[in-house]
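The structure file data.txt is reproduced below (compact mmCIF, C-alpha atoms and all ligand atoms).
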# COMPACT_ATOMS: atom_id res chain seq x y z
CA MET F 1397 43.93 76.74 -22.21
CA LYS F 1398 47.59 76.10 -22.94
CA LEU F 1399 49.56 76.23 -19.73
CA PRO F 1400 52.33 78.85 -19.56
CA THR F 1401 55.65 77.01 -19.25
CA VAL F 1402 59.36 77.67 -19.31
CA ASP F 1403 59.22 77.00 -23.05
CA ASP F 1404 57.40 80.31 -23.51
CA TYR F 1405 60.18 82.37 -21.92
CA ASN F 1406 63.75 83.30 -22.76
CA PHE F 1407 65.75 83.30 -19.52
CA LYS F 1408 68.85 84.98 -21.00
CA GLY F 1409 70.38 87.22 -18.34
CA GLN F 1410 67.53 86.50 -15.92
CA LYS F 1411 67.46 84.92 -12.49
CA ALA F 1412 64.64 82.42 -12.01
CA ILE F 1413 63.52 81.20 -8.61
CA VAL F 1414 62.27 77.65 -9.09
CA ARG F 1415 60.05 75.82 -6.59
CA VAL F 1416 61.14 72.21 -6.92
CA ASP F 1417 60.12 69.16 -4.92
CA PHE F 1418 63.38 67.88 -3.44
CA ASN F 1419 61.57 66.29 -0.53
CA VAL F 1420 63.53 63.08 -0.96
CA PRO F 1421 64.08 60.15 1.44
CA LEU F 1422 67.42 60.17 3.33
CA ASP F 1423 68.68 57.32 5.52
CA GLU F 1424 70.23 57.72 9.01
CA HIS F 1425 73.62 58.47 7.41
CA MET F 1426 72.02 61.26 5.33
CA GLU F 1427 72.47 59.16 2.20
CA LEU F 1428 69.90 59.73 -0.52
CA GLN F 1429 67.60 56.72 -0.99
CA ASP F 1430 65.76 57.71 -4.14
CA ASP F 1431 66.54 60.66 -6.42
CA THR F 1432 63.48 60.38 -8.70
CA ARG F 1433 62.18 63.78 -7.65
CA ILE F 1434 65.49 65.50 -8.31
CA ARG F 1435 65.74 63.86 -11.74
CA ALA F 1436 62.21 65.02 -12.50
CA ALA F 1437 63.21 68.68 -12.04
CA VAL F 1438 66.35 68.53 -14.18
CA PRO F 1439 64.82 69.35 -17.61
CA THR F 1440 63.27 72.58 -16.30
CA ILE F 1441 66.50 73.73 -14.65
CA LYS F 1442 68.54 72.85 -17.74
CA LYS F 1443 66.23 74.89 -19.96
CA ILE F 1444 66.81 77.98 -17.80
CA LEU F 1445 70.59 77.48 -17.83
CA LYS F 1446 70.73 76.74 -21.55
CA ASP F 1447 68.97 80.02 -22.30
CA GLY F 1448 71.72 81.83 -20.40
CA GLY F 1449 69.78 82.35 -17.19
CA SER F 1450 70.60 81.36 -13.62
CA ALA F 1451 68.48 79.20 -11.32
CA ILE F 1452 67.73 79.61 -7.64
CA LEU F 1453 66.26 76.34 -6.39
CA MET F 1454 63.99 76.22 -3.37
CA SER F 1455 62.30 73.24 -1.70
CA HIS F 1456 61.19 71.81 1.59
CA LEU F 1457 62.62 68.60 3.00
CA GLY F 1458 60.71 66.63 5.63
CA ARG F 1459 59.01 68.24 8.59
CA PRO F 1460 61.68 70.00 10.65
CA LYS F 1461 60.60 71.40 14.03
CA ASP F 1462 63.45 73.90 14.04
CA ARG F 1463 66.74 74.03 12.14
CA GLU F 1464 67.39 70.28 12.53
CA ASP F 1465 70.46 69.41 10.48
CA ARG F 1466 69.03 66.12 9.28
CA PHE F 1467 66.55 68.12 7.20
CA SER F 1468 69.22 70.28 5.58
CA LEU F 1469 69.20 70.40 1.79
CA ARG F 1470 73.00 70.48 1.80
CA HIS F 1471 72.81 66.66 2.10
CA ILE F 1472 71.52 66.47 -1.44
CA ARG F 1473 73.61 69.21 -3.05
CA ALA F 1474 76.18 66.78 -4.49
CA ARG F 1475 73.46 64.74 -6.18
CA VAL F 1476 71.87 67.84 -7.69
CA GLU F 1477 75.31 68.82 -9.05
CA LYS F 1478 75.82 65.37 -10.50
CA LEU F 1479 72.42 65.24 -12.17
CA LEU F 1480 72.73 68.76 -13.57
CA GLY F 1481 76.37 68.32 -14.51
CA THR F 1482 77.20 71.76 -13.12
CA PRO F 1483 78.39 73.13 -9.75
CA VAL F 1484 75.66 74.14 -7.30
CA LEU F 1485 76.19 76.87 -4.70
CA MET F 1486 74.63 76.16 -1.31
CA ALA F 1487 72.94 79.00 0.56
CA PRO F 1488 73.04 79.04 4.38
CA ASP F 1489 69.32 79.90 4.51
CA CYS F 1490 66.50 80.73 2.10
CA ILE F 1491 66.09 84.43 2.96
CA GLY F 1492 68.25 87.14 4.55
CA PRO F 1493 71.27 89.31 3.62
CA GLU F 1494 73.69 86.44 2.95
CA VAL F 1495 71.27 84.77 0.57
CA GLU F 1496 70.57 88.11 -1.12
CA ALA F 1497 74.31 88.62 -1.66
CA LEU F 1498 74.71 85.12 -3.11
CA SER F 1499 71.80 85.60 -5.47
CA ALA F 1500 73.00 89.06 -6.52
CA GLY F 1501 76.35 87.55 -7.50
CA LEU F 1502 74.86 84.71 -9.58
CA LYS F 1503 76.07 84.66 -13.17
CA ALA F 1504 74.51 83.15 -16.27
CA GLY F 1505 74.50 79.36 -16.07
CA GLU F 1506 74.96 79.26 -12.28
CA VAL F 1507 72.75 77.46 -9.78
CA LEU F 1508 72.06 78.35 -6.16
CA LEU F 1509 70.31 75.90 -3.84
CA LEU F 1510 68.45 77.55 -0.98
CA GLU F 1511 68.24 75.93 2.46
CA ASN F 1512 65.05 74.13 3.59
CA LEU F 1513 62.05 76.48 3.31
CA ARG F 1514 60.43 74.83 6.30
CA TYR F 1515 63.20 76.03 8.61
CA HIS F 1516 60.88 79.05 8.65
CA LYS F 1517 57.35 78.53 9.94
CA GLU F 1518 56.26 81.34 7.61
CA GLU F 1519 56.57 78.94 4.67
CA LYS F 1520 53.65 76.70 5.68
CA ALA F 1521 51.74 79.66 7.08
CA GLY F 1522 51.82 81.23 3.61
CA ASP F 1523 53.24 84.43 5.08
CA PRO F 1524 53.23 87.19 2.39
CA GLU F 1525 56.25 89.02 3.85
CA PHE F 1526 58.33 85.83 3.74
CA ALA F 1527 57.08 85.10 0.21
CA LYS F 1528 58.06 88.63 -0.82
CA GLN F 1529 61.59 88.14 0.48
CA LEU F 1530 61.91 84.94 -1.56
CA ALA F 1531 60.50 86.73 -4.60
CA SER F 1532 63.03 89.56 -4.25
CA LEU F 1533 65.85 87.12 -5.10
CA ALA F 1534 64.79 86.69 -8.74
CA GLU F 1535 63.10 88.20 -11.77
CA VAL F 1536 61.06 85.14 -12.74
CA TYR F 1537 59.12 82.53 -10.75
CA VAL F 1538 58.81 78.95 -11.93
CA ASN F 1539 56.76 76.32 -10.12
CA ASP F 1540 57.77 72.73 -10.87
CA ALA F 1541 56.61 71.14 -7.61
CA PHE F 1542 53.32 69.43 -8.43
CA GLY F 1543 53.55 67.38 -5.22
CA THR F 1544 52.88 70.53 -3.17
CA ALA F 1545 50.51 72.26 -5.60
CA HIS F 1546 47.56 71.59 -3.27
CA ARG F 1547 49.18 73.67 -0.53
CA ALA F 1548 48.83 77.45 -0.28
CA HIS F 1549 52.34 77.83 1.13
CA ALA F 1550 54.58 80.86 0.66
CA SER F 1551 56.82 79.25 -1.99
CA THR F 1552 54.10 77.27 -3.78
CA ALA F 1553 51.39 79.89 -4.21
CA VAL F 1554 51.71 83.17 -2.26
CA ILE F 1555 55.00 84.13 -3.94
CA ALA F 1556 53.41 84.23 -7.42
CA GLN F 1557 51.63 87.55 -6.77
CA PHE F 1558 55.01 89.33 -6.62
CA PHE F 1559 55.68 88.53 -10.28
CA GLU F 1560 53.67 89.92 -13.16
CA PRO F 1561 51.80 87.21 -15.11
CA SER F 1562 54.39 87.00 -17.90
CA ARG F 1563 57.10 86.32 -15.31
CA ARG F 1564 55.48 83.35 -13.58
CA MET F 1565 55.05 79.95 -15.16
CA PHE F 1566 55.11 76.17 -14.75
CA GLY F 1567 58.10 73.91 -15.12
CA TYR F 1568 57.91 70.90 -17.44
CA LEU F 1569 57.05 68.41 -14.70
CA MET F 1570 54.18 70.41 -13.27
CA ALA F 1571 52.78 71.21 -16.73
CA LYS F 1572 52.93 67.54 -17.69
CA GLU F 1573 51.18 66.44 -14.50
CA VAL F 1574 48.37 68.94 -15.01
CA GLU F 1575 48.05 68.01 -18.67
CA MET F 1576 47.87 64.26 -17.92
CA ALA F 1577 45.33 64.60 -15.11
CA SER F 1578 43.24 66.99 -17.24
CA ARG F 1579 43.23 64.46 -20.02
CA VAL F 1580 41.53 61.95 -17.72
CA LEU F 1581 39.09 64.47 -16.26
CA HIS F 1582 38.26 66.71 -19.19
CA HIS F 1583 39.38 65.20 -22.48
CA SER F 1584 39.00 61.47 -22.02
CA GLU F 1585 38.41 59.16 -24.91
CA LYS F 1586 35.48 56.82 -24.18
CA PRO F 1587 35.00 54.36 -22.63
CA SER F 1588 36.75 55.90 -19.65
CA THR F 1589 37.37 53.73 -16.59
CA ALA F 1590 38.59 54.60 -13.11
CA ILE F 1591 40.07 51.82 -11.00
CA LEU F 1592 40.06 52.69 -7.33
CA GLY F 1593 41.39 50.65 -4.44
CA GLY F 1594 43.18 51.01 -1.14
CA ALA F 1595 42.01 50.99 2.40
CA LYS F 1596 39.75 53.94 3.04
CA VAL F 1597 36.45 54.77 1.37
CA SER F 1598 36.30 58.07 3.21
CA ASP F 1599 39.48 59.26 1.43
CA LYS F 1600 38.09 58.40 -1.99
CA ILE F 1601 34.46 59.52 -1.75
CA PRO F 1602 35.08 63.04 -3.15
CA ILE F 1603 36.94 61.51 -6.10
CA ILE F 1604 34.17 59.03 -6.81
CA HIS F 1605 31.63 61.87 -6.82
CA ASN F 1606 33.69 63.87 -9.29
CA LEU F 1607 34.38 60.82 -11.48
CA LEU F 1608 30.69 59.92 -11.71
CA ASP F 1609 30.31 62.86 -14.10
CA ARG F 1610 33.25 61.84 -16.21
CA SER F 1611 33.65 58.05 -16.27
CA ASP F 1612 31.76 55.23 -17.93
CA HIS F 1613 33.01 52.59 -15.48
CA ILE F 1614 34.27 52.76 -11.93
CA ILE F 1615 36.00 49.63 -10.66
CA ILE F 1616 36.27 49.45 -6.88
CA GLY F 1617 38.64 46.97 -5.23
CA GLY F 1618 40.79 46.81 -2.11
CA GLY F 1619 39.52 47.23 1.41
CA MET F 1620 37.22 50.07 0.38
CA ALA F 1621 35.05 47.68 -1.67
CA PHE F 1622 33.64 46.07 1.47
CA THR F 1623 31.79 49.18 2.56
CA PHE F 1624 29.96 49.09 -0.80
CA ILE F 1625 29.34 45.35 -0.56
CA ARG F 1626 27.95 45.78 2.96
CA ALA F 1627 25.83 48.70 1.73
CA GLN F 1628 24.20 46.28 -0.71
CA GLY F 1629 23.41 43.91 2.16
CA GLY F 1630 26.42 41.56 1.84
CA GLU F 1631 28.19 39.85 4.76
CA VAL F 1632 31.80 40.96 4.93
CA GLY F 1633 33.00 39.18 8.09
CA ASN F 1634 36.02 40.92 9.57
CA SER F 1635 36.94 42.76 6.38
CA LEU F 1636 37.63 46.50 6.47
CA LEU F 1637 34.35 48.35 6.89
CA GLU F 1638 33.51 52.00 7.43
CA GLU F 1639 30.09 51.80 9.07
CA ASP F 1640 29.67 55.57 9.06
CA ARG F 1641 30.02 55.63 5.28
CA LEU F 1642 27.39 53.02 4.43
CA GLU F 1643 24.72 55.59 3.63
CA GLU F 1644 27.11 57.54 1.42
CA ALA F 1645 28.07 54.32 -0.38
CA ARG F 1646 24.36 53.65 -1.02
CA GLN F 1647 23.94 57.17 -2.39
CA ILE F 1648 26.89 56.70 -4.73
CA LEU F 1649 25.50 53.39 -6.05
CA LYS F 1650 22.11 55.02 -6.59
CA LYS F 1651 23.52 58.09 -8.31
CA ALA F 1652 25.72 55.91 -10.55
CA ALA F 1653 22.71 53.85 -11.62
CA GLU F 1654 20.76 57.04 -12.42
CA MET F 1655 23.65 58.45 -14.44
CA GLY F 1656 24.35 55.23 -16.32
CA VAL F 1657 27.82 54.79 -14.82
CA SER F 1658 28.68 51.13 -14.15
CA ILE F 1659 30.19 50.52 -10.74
CA HIS F 1660 32.05 47.20 -10.64
CA LEU F 1661 32.58 45.55 -7.29
CA PRO F 1662 34.61 42.33 -6.84
CA GLU F 1663 32.35 39.31 -7.22
CA ASP F 1664 34.76 37.15 -5.22
CA THR F 1665 37.46 37.72 -2.65
CA LEU F 1666 40.60 36.02 -1.38
CA ALA F 1667 39.75 35.81 2.31
CA ALA F 1668 42.15 35.07 5.17
CA ASP F 1669 41.64 33.98 8.79
CA ALA F 1670 44.20 36.55 9.99
CA PHE F 1671 45.88 39.74 8.78
CA SER F 1672 49.11 37.87 8.28
CA ALA F 1673 51.41 36.56 5.55
CA ASP F 1674 50.98 32.97 6.78
CA ALA F 1675 47.19 33.09 7.31
CA ASN F 1676 44.94 30.33 5.94
CA THR F 1677 43.11 31.53 2.84
CA LYS F 1678 40.12 30.67 0.69
CA VAL F 1679 38.22 32.26 -2.17
CA LEU F 1680 34.68 33.32 -1.16
CA PRO F 1681 31.87 35.31 -2.77
CA SER F 1682 32.53 38.89 -1.61
CA GLY F 1683 29.13 39.19 0.09
CA GLN F 1684 29.41 35.88 1.98
CA ILE F 1685 32.43 36.24 4.19
CA PRO F 1686 31.81 34.70 7.63
CA GLN F 1687 32.98 36.15 10.94
CA GLY F 1688 36.62 35.25 11.60
CA TRP F 1689 37.53 35.80 7.95
CA MET F 1690 38.56 38.98 6.15
CA GLY F 1691 38.93 39.85 2.48
CA LEU F 1692 42.53 40.78 1.72
CA ASP F 1693 42.59 40.59 -2.08
CA ILE F 1694 40.16 40.37 -4.99
CA GLY F 1695 39.37 36.84 -6.22
CA PRO F 1696 39.88 35.25 -9.68
CA LYS F 1697 36.37 36.03 -10.98
CA ALA F 1698 36.82 39.68 -10.01
CA VAL F 1699 40.21 39.76 -11.74
CA ALA F 1700 38.67 38.40 -14.95
CA ALA F 1701 35.66 40.74 -14.83
CA PHE F 1702 37.74 43.82 -14.05
CA GLY F 1703 40.22 42.77 -16.75
CA SER F 1704 37.62 42.69 -19.50
CA VAL F 1705 36.36 46.17 -18.56
CA ILE F 1706 39.95 47.47 -18.54
CA LEU F 1707 40.82 45.92 -21.92
CA ALA F 1708 37.73 47.49 -23.50
CA SER F 1709 38.60 50.98 -22.18
CA LYS F 1710 40.30 53.83 -24.01
CA THR F 1711 41.10 55.91 -20.91
CA LEU F 1712 42.24 54.45 -17.59
CA LEU F 1713 42.90 56.01 -14.23
CA TRP F 1714 44.29 53.81 -11.46
CA ASN F 1715 44.60 54.79 -7.83
CA GLY F 1716 44.97 52.32 -4.97
CA PRO F 1717 45.84 48.61 -4.70
CA MET F 1718 43.27 45.83 -5.07
CA GLY F 1719 44.47 44.10 -1.90
CA VAL F 1720 47.15 44.02 0.77
CA PHE F 1721 49.86 43.91 -1.91
CA GLU F 1722 52.64 44.38 0.65
CA MET F 1723 52.16 40.66 1.48
CA GLU F 1724 52.94 38.41 -1.48
CA LYS F 1725 49.98 36.16 -0.75
CA PHE F 1726 47.59 39.08 -1.29
CA ALA F 1727 49.43 40.86 -4.11
CA GLY F 1728 48.02 38.75 -6.95
CA GLY F 1729 44.92 40.85 -7.68
CA THR F 1730 46.89 44.08 -7.81
CA LEU F 1731 49.51 42.50 -10.08
CA GLU F 1732 46.90 41.13 -12.48
CA ILE F 1733 45.11 44.47 -12.69
CA ALA F 1734 48.44 46.24 -13.30
CA LYS F 1735 49.13 43.79 -16.13
CA PHE F 1736 45.71 44.44 -17.68
CA ILE F 1737 46.33 48.18 -17.53
CA ALA F 1738 49.72 47.67 -19.20
CA GLU F 1739 48.12 45.48 -21.87
CA ALA F 1740 45.33 47.99 -22.55
CA THR F 1741 47.99 50.71 -22.84
CA GLY F 1742 49.89 48.57 -25.35
CA ARG F 1743 46.68 48.40 -27.39
CA GLY F 1744 46.39 52.17 -27.48
CA ALA F 1745 44.54 53.20 -24.30
CA PHE F 1746 45.74 56.21 -22.30
CA SER F 1747 46.56 55.24 -18.70
CA LEU F 1748 47.37 57.43 -15.73
CA VAL F 1749 48.51 55.83 -12.49
CA GLY F 1750 48.88 57.93 -9.40
CA GLY F 1751 48.55 58.38 -5.69
CA GLY F 1752 51.13 56.65 -3.52
CA ASP F 1753 50.52 52.93 -3.21
CA SER F 1754 49.47 52.15 -6.76
CA VAL F 1755 52.70 53.75 -7.96
CA SER F 1756 54.79 51.63 -5.58
CA ALA F 1757 52.83 48.53 -6.61
CA LEU F 1758 53.47 49.28 -10.27
CA THR F 1759 57.18 49.95 -9.68
CA GLN F 1760 57.51 46.81 -7.53
CA MET F 1761 56.05 44.85 -10.43
CA GLY F 1762 58.35 46.44 -13.00
CA LEU F 1763 55.42 47.77 -15.03
CA ALA F 1764 55.92 51.51 -14.52
CA ASP F 1765 57.21 52.02 -18.08
CA ARG F 1766 54.23 50.21 -19.59
CA VAL F 1767 51.58 52.76 -18.63
CA SER F 1768 51.14 56.17 -20.28
CA TYR F 1769 51.99 58.27 -17.25
CA VAL F 1770 52.92 57.69 -13.61
CA SER F 1771 52.05 60.74 -11.54
CA THR F 1772 54.48 62.01 -8.91
CA GLY F 1773 51.63 63.90 -7.30
CA GLY F 1774 50.16 61.89 -4.40
CA GLY F 1775 47.87 64.19 -2.45
CA ALA F 1776 47.98 66.91 -5.12
CA LEU F 1777 46.79 64.49 -7.79
CA LEU F 1778 43.97 63.24 -5.57
CA GLU F 1779 42.76 66.78 -4.92
CA PHE F 1780 42.95 67.56 -8.63
CA LEU F 1781 40.85 64.47 -9.35
CA GLU F 1782 38.36 65.60 -6.72
CA GLY F 1783 37.83 68.63 -8.94
CA LYS F 1784 39.35 71.10 -6.48
CA GLU F 1785 41.27 74.14 -7.62
CA LEU F 1786 44.89 73.74 -6.55
CA PRO F 1787 46.44 76.93 -5.08
CA GLY F 1788 49.77 76.28 -6.82
CA ILE F 1789 48.09 76.18 -10.22
CA GLU F 1790 45.66 79.04 -9.62
CA ALA F 1791 48.42 81.36 -8.39
CA ILE F 1792 50.27 81.09 -11.70
CA LEU F 1793 47.17 81.43 -13.87
CA LYS F 1794 45.61 84.35 -11.96
CA ASP F 1795 45.05 87.60 -13.93
CA ARG F 1796 46.22 85.99 -17.13
CA SER F 1797 44.06 86.72 -20.12
P1 LIG X 1801 45.20 53.87 0.58
O1 LIG X 1801 46.29 54.58 1.30
O2 LIG X 1801 43.83 54.19 1.06
O3 LIG X 1801 45.33 53.95 -0.93
O4 LIG X 1801 45.37 52.35 0.97
C1 LIG X 1801 46.51 51.58 0.65
C2 LIG X 1801 46.54 50.43 1.61
O5 LIG X 1801 45.35 49.70 1.50
C3 LIG X 1801 47.67 49.45 1.37
O6 LIG X 1801 48.57 49.52 2.44
C4 LIG X 1801 46.96 48.10 1.32
O7 LIG X 1801 47.61 47.11 2.07
C5 LIG X 1801 45.63 48.41 1.95
N1 LIG X 1801 44.57 47.48 1.52
C6 LIG X 1801 44.17 47.20 0.28
N2 LIG X 1801 43.21 46.27 0.27
C7 LIG X 1801 42.97 45.93 1.55
C8 LIG X 1801 42.10 45.02 2.19
N3 LIG X 1801 41.26 44.25 1.49
N4 LIG X 1801 42.11 44.95 3.53
C9 LIG X 1801 42.98 45.73 4.24
N5 LIG X 1801 43.82 46.62 3.70
C10 LIG X 1801 43.83 46.71 2.37
Could I get this structure in the form of structure tokens?
Ligand code: AMP
Amino acid sequence: MKLPTVDDYNFKGQKAIVRVDFNVPLDEHMELQDDTRIRAAVPTIKKILKDGGSAILMSHLGRPKDREDRFSLRHIRARVEKLLGTPVLMAPDCIGPEVEALSAGLKAGEVLLLENLRYHKEEKAGDPEFAKQLASLAEVYVNDAFGTAHRAHASTAVIAQFFEPSRRMFGYLMAKEVEMASRVLHHSEKPSTAILGGAKVSDKIPIIHNLLDRSDHIIIGGGMAFTFIRAQGGEVGNSLLEEDRLEEARQILKKAAEMGVSIHLPEDTLAADAFSADANTKVLPSGQIPQGWMGLDIGPKAVAAFGSVILASKTLLWNGPMGVFEMEKFAGGTLEIAKFIAEATGRGAFSLVGGGDSVSALTQMGLADRVSYVSTGGGALLEFLEGKELPGIEAILKDRS
């Protein structure tokens, strides 16, 4: 199904309320640290303005307990203006008579930025009355905040019911995210390989289950690999281990074998005698790590083996680092895997990288522009990959023929 987007609508003379993700990092002087998320919303807003519509922007910022000023969206207004190249009116709140008056006075081409949605507890509670008040400000609802699509909050999902299907749609960013993740899950060219890493097996188990139906290869690195290695009877010393997940790991290995999905675990490991940047290190077989030693990165044989699977793949999904990449000594495996993914992409594979740490690893290594798509999604992407229905997506698509 083609997703309904802002391209399918003419906003001339219309007010659109747009859920954006302006949850950006601010320092102690309220200076913006990274405006990637604001930049990502610009094309959608510009389309509305270019048509001759006006845009009412709404977002959350941080986790305010009450109306704490440090979470005010007025701190980012100037940057939004700069990136849009047009003045932005700042509302004192996101609902109420003053905001209604401001929105009523909006003219074609004008932009109004609402104050932090989470100044009202009704936002996270998904309160329908609050959502209705937000909805009353505009004639059209646009959701461009993929990062919160897994939440059934007032502005991300509940609000949609107050607009008829033709007047609710996705922004460009959200549509692109859904399209890219769907390509991996539902329209992947074979062989399709998922590369999973990071610390916790428990976080990734639902994804592995869903990917078993859709991937040819699953590469598992990072701390989470040791639970699988232990499940196969290996000695993992002081490496990360989730004892209560051993049985589940066994089940996954068994199911994969039955389904003909190859699970690749690291044959060797860069082990350290302390969780520290100046620890002593040695390369050991991953299943023969003695007490007093812990695996903090994948070893050279694992890098080579994972690399050849990656280079032979046509679809790649990467989530989670191969080791403790924050310490240079243990960043090598993650860097090499990132390079292989970039190389495979250069040879024509489709690659999607997403979910927090793998994105920072890729950016840190300057390889972000050498993969097909870097997701901004985090938790939302992970839930999508688990096969869950995301409330933010469902709310737009509901009752649409
Ligand atoms: P996650 O949030 O589950 O994706 O995990 C990311 C974190 O996993 C990063 O902070 C890495 O430092 C950490 N990590 C990756 N490999 C290992 C390992 N072998 N031992 C301990 N932590 C690891």
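In terms of minimum interatomic distance to ligand LIG 1801 (chain X), F:Lys1600 ranks closest within F:Lys1600, F:Arg1415, F:His1516, F:His1605, counting all atoms listed in the file.
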Quiz item: If you measure from CA of Ile1591 in chain F to CA of Phe1671 in chain F, what distance in Å do you get, rounded to one decimal?
Solution: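 Rounded to one decimal, the two atoms are 23.9 Å apart.
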Quiz prompt | CA of Ala1698 in chain F to CA of Ser1747 in chain F, distance in Å rounded to a single decimal | solution = 20.3 Å
Quiz item: In terms of the shortest atom-to-atom distance over all atoms listed in the file, which of F:Ile1601, F:Ala1550, F:Ala1701, F:Ala1474 is closest to ligand LIG 1801 (chain X)?
Solution: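 Using all atoms listed in the file, ligand LIG 1801 (chain X) sits closest to F:Ile1601.
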Quiz item: Nearest to ligand LIG 1801 (chain X): which of F:Glu1663, F:Glu1631, F:Asp1599, F:Asp1609 is it, counting all atoms listed in the file?
Solution: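 Among F:Glu1663, F:Glu1631, F:Asp1599, F:Asp1609, it is F:Asp1599 that comes nearest to ligand LIG 1801 (chain X).
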Using only the atoms of ligand LIG 1801 (chain X) listed in the file, plus 5 Å on each side, state the axis-aligned box centre and edge lengths in Å rounded to one decimal, as lines of an AutoDock Vina configuration file.
center_x = 44.9
center_y = 49.4
center_z = 1.7
size_x = 17.3
size_y = 20.3
size_z = 15.2
Quiz item: Using all atoms listed in the file, which residue out of F:Lys1461, F:Arg1610, F:Gly1703, F:Thr1730 lies closest to Gly1656 in chain F?
Solution: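 Residue with the minimum atom-to-atom distance to Gly1656 in chain F: F:Arg1610.
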Quiz prompt | CA of Lys1697 in chain F to CA of Pro1662 in chain F, distance in Å rounded to a single decimal | solution = 7.7 Å
Wanna dump the chain F-ligand LIG 1801 (chain X) contacts at 9 Å for me, each residue with its shortest atom pair and the distance in Å to one decimal, counting all atoms listed in the file, ordered by chain and number, as CSV?
residue,atom,partner,partner_atom,distance
F:Leu1592,CA,X:LIG1801,O3,8.4
F:Gly1593,CA,X:LIG1801,O3,6.2
F:Gly1594,CA,X:LIG1801,O4,3.3
F:Ala1595,CA,X:LIG1801,O5,3.7
F:Lys1596,CA,X:LIG1801,O2,4.5
F:Val1597,CA,X:LIG1801,O2,7.4
F:Ser1598,CA,X:LIG1801,O2,8.7
F:Asp1599,CA,X:LIG1801,O2,6.7
F:Lys1600,CA,X:LIG1801,O2,7.7
F:Gly1617,CA,X:LIG1801,N2,7.2
F:Gly1618,CA,X:LIG1801,N2,3.4
F:Gly1619,CA,X:LIG1801,N3,3.5
F:Met1620,CA,X:LIG1801,N2,7.1
F:Ala1621,CA,X:LIG1801,N3,7.8
F:Phe1622,CA,X:LIG1801,N3,7.8
F:Ser1635,CA,X:LIG1801,N4,6.3
F:Leu1636,CA,X:LIG1801,N4,5.6
F:Thr1665,CA,X:LIG1801,N3,8.6
F:Leu1666,CA,X:LIG1801,N3,8.7
F:Ala1667,CA,X:LIG1801,N3,8.6
F:Phe1671,CA,X:LIG1801,C9,8.1
F:Met1690,CA,X:LIG1801,N4,7.4
F:Gly1691,CA,X:LIG1801,N3,5.1
F:Leu1692,CA,X:LIG1801,N3,3.7
F:Asp1693,CA,X:LIG1801,N3,5.3
F:Ile1694,CA,X:LIG1801,N3,7.6
F:Asn1715,CA,X:LIG1801,O3,7.0
F:Gly1716,CA,X:LIG1801,O3,4.4
F:Pro1717,CA,X:LIG1801,C6,5.4
F:Met1718,CA,X:LIG1801,N2,5.4
F:Gly1719,CA,X:LIG1801,N2,3.3
F:Val1720,CA,X:LIG1801,O7,3.4
F:Phe1721,CA,X:LIG1801,O7,5.6
F:Glu1722,CA,X:LIG1801,O7,5.9
F:Met1723,CA,X:LIG1801,O7,7.9
F:Phe1726,CA,X:LIG1801,N2,8.6
F:Ala1727,CA,X:LIG1801,O7,9.0
F:Gly1751,CA,X:LIG1801,O3,7.3
F:Gly1752,CA,X:LIG1801,O3,6.9
F:Asp1753,CA,X:LIG1801,C1,5.7
F:Ser1754,CA,X:LIG1801,O3,7.4
Quiz prompt | Best match for closeness to Ile1625 in chain F among F:Glu1654, F:Asp1664, F:Asp1489, F:Glu1779, counting only C-alpha atoms | solution =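 Going through F:Glu1654, F:Asp1664, F:Asp1489, F:Glu1779 one by one, the smallest distance to Ile1625 in chain F is for F:Asp1664.
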At a cut-off of 7 Å, using all atoms listed in the file, what residues contact range 1637-1649 of chain F? Leave out same-chain residues fewer than 6 positions from it and give the result as an mmCIF file with C-alpha atoms, in the frame of the given file.
data_model
loop_
_atom_site.group_PDB
_atom_site.id
_atom_site.type_symbol
_atom_site.label_atom_id
_atom_site.label_comp_id
_atom_site.auth_asym_id
_atom_site.auth_seq_id
_atom_site.Cartn_x
_atom_site.Cartn_y
_atom_site.Cartn_z
ATOM 1 C CA PHE F 1622 33.640 46.070 1.470
ATOM 2 C CA THR F 1623 31.790 49.180 2.560
ATOM 3 C CA PHE F 1624 29.960 49.090 -0.800
ATOM 4 C CA ALA F 1627 25.830 48.700 1.730
#
What's the 8 Å shell around Gly1567 in chain F, counting only C-alpha atoms, without same-chain residues fewer than 2 positions away, as a PDB file with C-alpha atoms, in the coordinates of the input?
ATOM      1  CA  THR F1401      55.650  77.010 -19.250  1.00  0.00           C
ATOM      2  CA  VAL F1402      59.360  77.670 -19.310  1.00  0.00           C
ATOM      3  CA  ALA F1437      63.210  68.680 -12.040  1.00  0.00           C
ATOM      4  CA  THR F1440      63.270  72.580 -16.300  1.00  0.00           C
ATOM      5  CA  VAL F1538      58.810  78.950 -11.930  1.00  0.00           C
ATOM      6  CA  ASN F1539      56.760  76.320 -10.120  1.00  0.00           C
ATOM      7  CA  ASP F1540      57.770  72.730 -10.870  1.00  0.00           C
ATOM      8  CA  MET F1565      55.050  79.950 -15.160  1.00  0.00           C
ATOM      9  CA  LEU F1569      57.050  68.410 -14.700  1.00  0.00           C
ATOM     10  CA  MET F1570      54.180  70.410 -13.270  1.00  0.00           C
ATOM     11  CA  ALA F1571      52.780  71.210 -16.730  1.00  0.00           C
TER      12      ALA F1571
END
Quiz item: Pick from F:Asn1406, F:Thr1482, F:Thr1432, F:Gln1529: nearest to Ser1771 in chain F, with all atoms listed in the file counted?
Solution: F:Thr1432
